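Student: File run.cif below, mmCIF, C-alpha atoms:
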data_target
loop_
_atom_site.label_atom_id
_atom_site.label_comp_id
_atom_site.auth_asym_id
_atom_site.auth_seq_id
_atom_site.Cartn_x
_atom_site.Cartn_y
_atom_site.Cartn_z
CA MET A 265 67.00 60.00 137.73
CA ILE A 266 64.42 62.42 139.07
CA ILE A 267 65.80 64.35 142.04
CA GLY A 268 63.84 66.59 144.38
CA ILE A 269 65.57 69.37 146.31
CA VAL A 270 63.84 70.92 149.32
CA GLY A 271 65.40 74.29 150.10
CA LEU A 272 67.25 76.26 147.42
CA GLY A 273 69.79 78.12 149.52
CA LEU A 274 73.54 77.76 149.12
CA ILE A 275 73.57 73.98 149.64
CA GLY A 276 70.26 73.09 148.00
CA GLY A 277 70.78 75.47 145.10
CA SER A 278 74.26 74.11 144.49
CA LEU A 279 73.02 70.51 144.64
CA ALA A 280 70.28 71.31 142.15
CA ALA A 281 72.70 72.96 139.72
CA ALA A 282 75.26 70.18 140.13
CA PHE A 283 72.75 67.42 139.44
CA LYS A 284 71.38 69.34 136.46
CA ARG A 285 74.95 69.63 135.17
CA SER A 286 75.15 65.82 135.30
CA GLY A 287 71.98 65.41 133.26
CA HIS A 288 69.44 64.55 135.96
CA ILE A 289 65.89 65.89 136.09
CA VAL A 290 65.68 68.20 139.09
CA TYR A 291 62.59 69.52 140.83
CA GLY A 292 63.18 72.15 143.50
CA TYR A 293 61.22 73.82 146.25
CA ASP A 294 61.92 76.90 148.33
CA ALA A 295 59.62 78.78 150.67
CA LYS A 296 60.22 81.92 148.61
CA LYS A 297 58.46 81.87 145.25
CA SER A 298 60.97 84.36 143.86
CA ILE A 299 63.80 81.88 144.53
CA ARG A 300 61.86 79.05 142.88
CA ASP A 301 61.18 81.18 139.82
CA PHE A 302 64.77 82.40 139.57
CA ALA A 303 66.19 78.87 139.97
CA LYS A 304 64.00 77.69 137.11
CA MET A 305 64.93 80.67 134.95
CA ALA A 306 68.63 80.08 135.69
CA GLY A 307 68.32 76.44 134.70
CA SER A 308 69.14 75.00 138.15
CA ILE A 309 65.81 73.18 138.28
CA ASP A 310 63.42 71.88 135.66
CA ALA A 311 60.31 72.80 137.63
CA THR A 312 58.94 73.44 141.10
CA LEU A 313 58.77 70.35 143.30
CA GLU A 314 55.05 69.69 143.74
CA ASP A 315 54.55 65.94 143.30
CA VAL A 316 57.10 64.35 145.64
CA SER A 317 55.93 60.87 144.60
CA LEU A 318 57.74 61.36 141.26
CA CYS A 319 61.20 61.55 142.87
CA ASP A 320 63.76 58.78 142.94
CA TYR A 321 65.87 60.80 145.39
CA ILE A 322 65.04 63.71 147.65
CA PHE A 323 67.59 65.97 149.33
CA ILE A 324 66.34 68.11 152.21
CA ALA A 325 68.52 71.23 152.51
CA ILE A 326 66.78 73.17 155.27
CA PRO A 327 67.48 73.42 159.05
CA PRO A 328 66.85 70.30 161.20
CA ARG A 329 63.53 71.28 162.79
CA ALA A 330 62.07 72.38 159.46
CA ALA A 331 63.41 69.21 157.84
CA ILE A 332 61.69 67.04 160.45
CA ASN A 333 58.40 68.87 159.91
CA TRP A 334 58.72 68.47 156.14
CA LEU A 335 59.25 64.73 156.51
CA LYS A 336 56.24 64.43 158.78
CA ASP A 337 54.08 66.29 156.28
CA HIS A 338 55.19 64.06 153.40
CA THR A 339 55.24 60.63 155.04
CA GLU A 340 52.25 58.46 154.29
CA ASN A 341 51.07 56.03 156.93
CA GLN A 342 51.12 52.76 155.00
CA SER A 343 48.63 51.19 157.41
CA ILE A 344 45.90 53.59 156.30
CA THR A 345 43.79 52.42 153.35
CA HIS A 346 42.97 55.24 150.96
CA LYS A 347 39.67 55.53 149.18
CA ASP A 348 39.78 55.13 145.45
CA ASP A 349 38.36 58.52 144.55
CA ASP A 350 39.37 61.64 142.62
CA ASN A 351 41.20 63.12 145.60
CA ASP A 352 43.40 60.07 146.17
CA ASP A 353 45.86 60.88 143.37
CA ASN A 354 46.20 64.43 144.63
CA ASN A 355 46.85 63.18 148.16
CA ARG A 356 49.52 60.78 146.98
CA GLN A 357 51.42 63.59 145.30
CA LEU A 358 52.19 64.85 148.79
CA PHE A 359 53.78 61.59 149.96
CA ILE A 360 57.22 60.09 149.40
CA LYS A 361 56.94 56.81 147.48
CA PRO A 362 58.42 53.64 149.02
CA GLU A 363 61.23 53.35 146.45
CA THR A 364 62.60 56.82 147.15
CA ILE A 365 65.91 57.46 148.94
CA VAL A 366 65.69 60.58 151.10
CA MET A 367 68.79 62.35 152.45
CA ASP A 368 69.01 65.44 154.60
CA CYS A 369 71.86 67.97 154.48
CA CYS A 370 71.61 69.25 158.06
CA GLY A 371 74.64 70.26 160.11
CA THR A 372 73.70 67.98 163.03
CA LYS A 373 72.53 64.40 162.74
CA ARG A 374 71.10 62.94 165.95
CA ASP A 375 67.68 64.63 165.97
CA ILE A 376 67.00 64.50 162.23
CA CYS A 377 68.19 60.89 161.96
CA GLN A 378 66.13 59.71 164.91
CA GLU A 379 63.00 61.20 163.36
CA GLY A 380 63.96 60.37 159.78
CA PHE A 381 64.68 56.70 160.44
CA ALA A 382 61.37 56.31 162.32
CA LEU A 383 59.32 58.13 159.67
CA ALA A 384 60.96 56.13 156.87
CA LYS A 385 59.73 52.92 158.48
CA ILE A 386 56.19 54.33 158.55
CA GLY A 387 56.32 55.61 154.97
CA GLY A 388 58.20 52.65 153.54
CA TYR A 389 60.96 54.74 151.95
CA LYS A 390 64.69 54.86 152.76
CA PHE A 391 66.11 57.69 154.86
CA ILE A 392 69.86 58.29 155.09
CA GLY A 393 71.44 61.14 157.01
CA GLY A 394 73.87 63.27 155.07
CA HIS A 395 76.16 66.26 155.45
CA PRO A 396 77.98 67.86 152.49
CA MET A 397 81.31 69.12 153.82
CA ALA A 398 81.56 72.26 151.72
CA GLY A 399 80.34 75.82 151.90
CA LYS A 400 81.03 79.49 151.40
CA GLN A 401 81.25 82.57 153.56
CA PHE A 402 77.94 83.86 152.19
CA GLY A 403 74.80 81.77 151.86
CA GLY A 404 71.64 81.92 149.80
CA TYR A 405 70.75 80.82 146.31
CA LYS A 406 72.58 83.77 144.75
CA ASN A 407 75.86 82.33 146.02
CA SER A 408 75.13 78.75 144.94
CA SER A 409 77.27 77.08 142.30
CA PRO A 410 77.33 73.73 140.47
CA GLU A 411 81.06 73.53 141.31
CA LEU A 412 80.63 73.95 145.08
CA PHE A 413 81.01 70.24 145.82
CA ASP A 414 83.69 69.36 143.28
CA GLY A 415 86.25 67.25 145.14
CA ALA A 416 84.41 67.64 148.48
CA MET A 417 83.58 65.04 151.11
CA PHE A 418 80.08 63.88 152.03
CA ALA A 419 79.29 62.37 155.43
CA ILE A 420 76.80 59.49 155.09
CA VAL A 421 74.80 58.50 158.18
CA PRO A 422 72.76 55.32 157.56
CA ASP A 423 70.31 53.58 159.88
CA SER A 424 72.36 51.03 161.83
CA GLU A 425 69.26 49.19 163.03
CA THR A 426 68.26 48.27 159.49
CA GLY A 427 71.78 47.28 158.49
CA ASP A 428 71.99 49.97 155.79
CA LYS A 429 75.65 50.58 156.63
CA ASN A 430 76.49 47.07 155.47
CA ASP A 431 74.20 47.18 152.43
CA ILE A 432 76.90 47.44 149.78
CA ARG A 433 74.45 47.94 146.92
CA LEU A 434 72.71 50.80 148.72
CA MET A 435 75.96 52.51 149.70
CA VAL A 436 77.36 52.22 146.16
CA LYS A 437 74.08 53.53 144.73
CA VAL A 438 74.12 56.58 147.00
CA GLN A 439 77.80 57.33 146.45
CA THR A 440 77.47 56.96 142.69
CA LEU A 441 74.72 59.59 142.65
CA LEU A 442 76.67 61.93 144.94
CA LYS A 443 79.67 61.69 142.63
CA ASP A 444 77.43 63.19 139.95
CA ALA A 445 77.27 66.30 142.15
CA GLY A 446 81.06 66.43 142.40
CA PHE A 447 81.71 64.68 145.72
CA MET A 448 84.83 62.53 145.74
CA ASP A 449 85.30 61.37 149.36
CA PHE A 450 82.79 59.73 151.68
CA ALA A 451 82.71 58.97 155.40
CA VAL A 452 80.10 56.57 156.77
CA MET A 453 79.34 57.52 160.37
CA THR A 454 76.85 57.13 163.19
CA PRO A 455 74.78 60.18 164.18
CA GLU A 456 76.61 60.31 167.51
CA ASP A 457 80.09 60.22 165.97
CA HIS A 458 79.13 62.81 163.37
CA ASP A 459 77.90 65.28 165.98
CA LYS A 460 81.00 64.85 168.14
CA VAL A 461 83.29 65.52 165.19
CA ILE A 462 81.27 68.42 163.82
CA ALA A 463 81.24 70.16 167.22
CA PHE A 464 85.00 70.53 166.91
CA THR A 465 85.63 70.86 163.18
CA SER A 466 82.78 73.21 162.31
CA GLN A 467 80.77 74.56 165.22
CA MET A 468 83.76 75.58 167.34
CA ALA A 469 85.34 77.34 164.36
CA HIS A 470 82.19 79.37 163.72
CA LEU A 471 81.69 80.17 167.41
CA ILE A 472 85.28 81.28 168.01
CA SER A 473 85.37 83.33 164.81
CA ASN A 474 82.10 85.03 165.73
CA ALA A 475 83.40 85.91 169.22
CA TYR A 476 86.85 86.97 168.00
CA ILE A 477 85.51 89.65 165.63
CA LYS A 478 83.77 91.43 168.53
CA SER A 479 87.04 92.94 169.76
CA ASP A 480 87.16 96.75 169.64
CA MET A 481 90.49 96.40 167.83
CA ALA A 482 88.88 94.69 164.83
CA GLU A 483 87.54 97.91 163.34
CA VAL A 484 90.71 99.81 164.24
CA SER A 485 92.94 97.18 162.62
CA VAL A 486 90.92 96.98 159.42
CA GLY A 487 90.64 100.76 159.23
CA ALA A 488 94.40 101.13 159.57
CA ASN A 489 94.93 98.41 156.96
CA LEU A 490 96.88 96.37 159.51
CA SER A 491 94.86 93.16 159.16
CA GLY A 492 96.63 90.37 157.35
CA GLY A 493 96.00 86.80 156.33
CA ALA A 494 95.68 85.52 159.90
CA PHE A 495 92.88 87.99 160.59
CA ARG A 496 91.05 87.04 157.39
CA ASP A 497 91.38 83.33 158.18
CA MET A 498 90.12 83.79 161.73
CA THR A 499 87.10 85.89 160.74
CA ARG A 500 86.01 84.17 157.52
CA VAL A 501 83.13 82.29 159.16
CA ALA A 502 82.15 85.03 161.64
CA TYR A 503 79.49 86.12 159.13
CA LEU A 504 76.81 83.48 159.60
CA ASP A 505 73.09 82.84 159.67
CA GLU A 506 72.50 83.42 163.37
CA GLY A 507 69.12 81.69 163.43
CA MET A 508 70.32 78.51 161.76
CA TRP A 509 73.54 78.31 163.77
CA THR A 510 71.70 78.91 167.06
CA GLU A 511 69.52 75.90 166.25
CA LEU A 512 72.55 73.77 165.34
CA PHE A 513 74.50 74.83 168.44
CA MET A 514 71.59 74.08 170.77
CA GLU A 515 70.86 70.70 169.20
CA ASN A 516 74.51 69.73 169.67
CA ARG A 517 75.03 71.59 172.93
CA ASP A 518 76.46 68.61 174.88
CA ASN A 519 79.29 68.07 172.40
CA LEU A 520 79.80 71.78 171.83
CA LEU A 521 79.98 72.50 175.56
CA MET A 522 82.57 69.77 176.01
CA GLU A 523 84.75 71.35 173.32
CA LEU A 524 84.18 74.86 174.69
CA LYS A 525 85.21 73.85 178.21
CA GLY A 526 88.39 72.23 176.91
CA PHE A 527 89.20 75.28 174.79
CA ILE A 528 88.58 77.73 177.64
CA GLY A 529 90.80 75.60 179.85
CA GLU A 530 93.63 75.83 177.33
CA LEU A 531 93.17 79.60 177.00
CA GLU A 532 93.41 79.92 180.78
CA ARG A 533 96.83 78.23 180.66
CA TYR A 534 98.05 80.77 178.08
CA LYS A 535 96.49 83.62 180.05
CA THR A 536 98.19 82.55 183.30
CA ALA A 537 101.59 82.21 181.64
CA ILE A 538 101.31 85.72 180.17
CA GLU A 539 99.99 87.27 183.41
CA THR A 540 102.82 85.77 185.45
CA GLU A 541 105.42 86.59 182.76
CA ASN A 542 106.35 82.91 182.65
CA GLU A 543 108.20 82.78 179.33
CA GLU A 544 109.25 79.18 179.83
CA GLU A 545 105.65 78.04 180.31
CA LEU A 546 104.40 80.13 177.37
CA THR A 547 107.11 78.74 175.13
CA GLU A 548 106.14 75.20 176.12
CA LEU A 549 102.44 75.89 175.47
CA LEU A 550 103.22 77.26 172.01
CA ARG A 551 105.47 74.29 171.31
CA GLU A 552 102.68 71.91 172.32
CA GLY A 553 100.29 73.56 169.85
CA LYS A 554 102.85 73.55 167.05
CA ASN A 555 103.69 69.89 167.63
CA ARG A 556 100.00 68.97 167.76
CA LYS A 557 99.42 70.69 164.42
CA GLU A 558 102.37 68.84 162.92
CA GLU A 559 101.19 65.52 164.34
CA ILE A 560 97.66 65.86 163.04
CA THR A 561 98.31 67.34 159.60
CA LYS A 562 101.61 65.54 158.98
CA LEU A 563 103.43 68.77 158.09
#
Output the structure of this file as structure tokens.
Tutor:
Amino acid sequence: MIIGIVGLGLIGGSLAAAFKRSGHIVYGYDAKKSIRDFAKMAGSIDATLEDVSLCDYIFIAIPPRAAINWLKDHTENQSITHKDDDNDDNNRQLFIKPETIVMDCCGTKRDICQEGFALAKIGGYKFIGGHPMAGKQFGGYKNSSPELFDGAMFAIVPDSETGDKNDIRLMVKVQTLLKDAGFMDFAVMTPEDHDKVIAFTSQMAHLISNAYIKSDMAEVSVGANLSGGAFRDMTRVAYLDEGMWTELFMENRDNLLMELKGFIGELERYKTAIETENEEELTELLREGKNRKEEITKL
């Protein structure tokens, strides 16, 4: 298979290396020429992605707005008849061919899927939303790895209007390719369900971690070597790409706000119990949290 990767950061670079490890031909593109050159030198890609019409699969590993713009730039309007001249072949290199399966790797799904599904109908190709559930504390190509997705889960978000969810052959085809990158578990979801879940499981964790590290005691605790495992766990994802996460938070603001309001409400209950020295209430609140953890994770 010929696979195109758009964006060679942590996710795109790791996908490229993982697919190369499995024996696929991989073409990659990144806005930075130095990254493209290094990825080729490192053996993560065979060459720079220039002719998108060659690809059997394309993975778009850039933020949602940039991903939408890339799709628009590379979707051919099938209703337009091209002239049979010397420039026609060059023009077609820019467009995704009808047989291609295109997947994004964005952290939110509603906006990219709405645009992607519509553009796929115009261009005649297949667009499927995707989200690899794996990552690292630090991003960028230099931190990418062919093992990043080994044993990981991949969220698949097909177009429900076209019946792709129930297209067994298509789903098996996609999952078989993703297994070549190391993925072992798959969840087929709607864009709406994905964004609700991700607001809690990912976005809240990053937001809380980022706010938690701002305490004046953080530097004091680390300096005095009094920070333990709990501190490291809480602050692991505080270091983030602020531009990308701002875009993701704002695109999913309705779901994120709902989770934030619920979380703040729970914190207020703890705060009140401590302020009023209500040990019985605080004990019950802590017991509720412990029991909820046990219920969910089956400890």
Student: With the PyMOL selection byres ((chain A and resi 284) around 10) as the selection, what would be picked from this file? Answer as a PyMOL selection string, please.
Tutor: chain A and resi 267+278-283+285-291+307-310+410+444-445
Student: Between A:Met435, A:Leu546, A:Val452, A:Val316, which one has atoms that come closest to A:Ala419, using only C-alpha atoms?
Tutor: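 Counting only C-alpha atoms, the residue closest to A:Ala419 is A:Val452.
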Student: As a PyMOL selection string, please: the residues near stretch 381-391 of chain A (cut-off 9 Å, all atoms listed in the file, same-chain neighbours under 6 positions excluded).
Tutor: chain A and resi 335-336+338-343+359-368+422-423
Student: Hey, can you check how far atom CA of A:Gly292 sits from atom CA of A:Asn333?
Tutor: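 Spanning atom CA of A:Gly292 to atom CA of A:Asn333 is a straight-line distance of 17.4 Å.
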Student: Taking a cut-off of 9 Å and counting all atoms listed in the file, can you build a table that, for each residue of stretch 401-434 of chain A near stretch 488-511 of chain A, reports the nearest atom pair and how far apart they are in Å (one decimal), sorted by chain then residue number, as JSON lines?
Tutor:
{"residue": "A:Gln401", "atom": "CA", "partner": "A:Val501", "partner_atom": "CA", "distance": 5.9}
{"residue": "A:Phe402", "atom": "CA", "partner": "A:Tyr503", "partner_atom": "CA", "distance": 7.5}
{"residue": "A:Gly403", "atom": "CA", "partner": "A:Asp505", "partner_atom": "CA", "distance": 8.1}
Student: Nearest residue to A:Met453 out of A:Arg356, A:Lys400, A:Lys429, A:Lys437, using only C-alpha atoms?
Tutor: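 Among the listed residues, the smallest separation from A:Met453 belongs to A:Lys429.
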Student: Pick from A:Asp459, A:Asp414, A:Asp518, A:Asp431: nearest to A:Phe447, with all atoms listed in the file counted?
Tutor: A:Asp414
Student: Please provide the set of residues having any atom within 8 Å of stretch 519-521 of chain A, restricted to only C-alpha atoms, with same-chain residues fewer than 4 positions apart removed, written as a PDB file with C-alpha atoms, keeping the file's coordinate frame.
Tutor:
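Output contents, as saved in selection-v7.pdb:
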ATOM      1  CA  ASP A 459      77.900  65.280 165.980  1.00  0.00           C
ATOM      2  CA  LYS A 460      81.000  64.850 168.140  1.00  0.00           C
ATOM      3  CA  ALA A 463      81.240  70.160 167.220  1.00  0.00           C
ATOM      4  CA  PHE A 464      85.000  70.530 166.910  1.00  0.00           C
ATOM      5  CA  GLN A 467      80.770  74.560 165.220  1.00  0.00           C
ATOM      6  CA  MET A 468      83.760  75.580 167.340  1.00  0.00           C
ATOM      7  CA  PHE A 513      74.500  74.830 168.440  1.00  0.00           C
ATOM      8  CA  LYS A 525      85.210  73.850 178.210  1.00  0.00           C
TER       9      LYS A 525
END
Student: Counting only C-alpha atoms, figure out which residue out of A:Arg533, A:His395, A:Lys304, A:Lys297 gets nearest to A:Met417.
Tutor: A:His395
Student: For A:Gly393, which residue out of A:Gln378, A:Ser479, A:Asn516, A:Ser466 is the nearest one, using only C-alpha atoms?
Tutor: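 Once distances to A:Gly393 are computed over only C-alpha atoms, the minimum belongs to A:Gln378.
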Student: Please provide as a ChimeraX atom specification all residues within 12 Å of stretch 548-553 of chain A, with the sequence filter that same-chain residues fewer than 4 positions apart are discarded (counting all atoms listed in the file).
Tutor: /A:530-538,542-544,557-560
Student: Record the distance separating atom CA of A:Asp457 and atom CA of A:Ser424, expressed in Å with one decimal.
Tutor: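 A separation of 12.7 Å between them.
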Student: Rounded to one decimal place, report the atom CA of A:Glu515-atom CA of A:Arg556 distance in Å.
Tutor: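 A separation of 29.2 Å between them.
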Student: Could you give me, as number ranges by chain, the residues within 8 Å of A:Gly394, counting all atoms listed in the file and dropping anything in the same chain fewer than 2 positions from it?
Tutor: A: 367-370, 373, 392, 396, 418-421
Student: Generate the coordinates of N, CA, C and O atoms for stretch 490-506 of chain A; report them as a compact mmCIF listing (two decimals), in the coordinates of the input.
Tutor:
# COMPACT_ATOMS: atom_id res chain seq x y z
N LEU A 490 95.86 97.17 158.83
CA LEU A 490 96.88 96.37 159.51
C LEU A 490 96.43 94.92 159.70
O LEU A 490 97.06 94.17 160.44
N SER A 491 95.34 94.54 159.05
CA SER A 491 94.86 93.16 159.16
C SER A 491 95.42 92.34 158.01
O SER A 491 95.31 92.71 156.85
N GLY A 492 96.02 91.21 158.36
CA GLY A 492 96.63 90.37 157.35
C GLY A 492 95.89 89.07 157.14
O GLY A 492 94.70 88.95 157.47
N GLY A 493 96.61 88.09 156.64
CA GLY A 493 96.00 86.80 156.33
C GLY A 493 95.46 86.08 157.54
O GLY A 493 94.41 85.43 157.48
N ALA A 494 96.15 86.18 158.69
CA ALA A 494 95.68 85.52 159.90
C ALA A 494 94.32 86.06 160.33
O ALA A 494 93.43 85.30 160.73
N PHE A 495 94.16 87.38 160.23
CA PHE A 495 92.88 87.99 160.59
C PHE A 495 91.78 87.52 159.65
O PHE A 495 90.67 87.18 160.08
N ARG A 496 92.07 87.49 158.36
CA ARG A 496 91.05 87.04 157.39
C ARG A 496 90.68 85.58 157.63
O ARG A 496 89.50 85.21 157.53
N ASP A 497 91.67 84.73 157.92
CA ASP A 497 91.38 83.33 158.18
C ASP A 497 90.52 83.15 159.43
O ASP A 497 89.58 82.36 159.45
N MET A 498 90.84 83.91 160.46
CA MET A 498 90.12 83.79 161.73
C MET A 498 88.68 84.30 161.65
O MET A 498 87.80 83.85 162.38
N THR A 499 88.42 85.26 160.77
CA THR A 499 87.10 85.89 160.74
C THR A 499 86.24 85.47 159.56
O THR A 499 85.12 85.95 159.40
N ARG A 500 86.74 84.54 158.74
CA ARG A 500 86.01 84.17 157.52
C ARG A 500 84.61 83.68 157.82
O ARG A 500 83.66 84.00 157.11
N VAL A 501 84.45 82.87 158.89
CA VAL A 501 83.13 82.29 159.16
C VAL A 501 82.39 83.03 160.28
O VAL A 501 81.41 82.52 160.82
N ALA A 502 82.86 84.24 160.64
CA ALA A 502 82.15 85.03 161.64
C ALA A 502 80.80 85.51 161.10
O ALA A 502 79.84 85.68 161.85
N TYR A 503 80.74 85.71 159.78
CA TYR A 503 79.49 86.12 159.13
C TYR A 503 78.67 84.86 158.89
O TYR A 503 79.02 84.04 158.04
N LEU A 504 77.60 84.70 159.66
CA LEU A 504 76.81 83.48 159.60
C LEU A 504 75.32 83.77 159.75
O LEU A 504 74.93 84.89 160.08
N ASP A 505 74.53 82.75 159.47
CA ASP A 505 73.09 82.84 159.67
C ASP A 505 72.82 82.55 161.14
O ASP A 505 72.84 81.39 161.57
N GLU A 506 72.58 83.59 161.92
CA GLU A 506 72.50 83.42 163.37
C GLU A 506 71.35 82.52 163.81
O GLU A 506 71.46 81.77 164.79
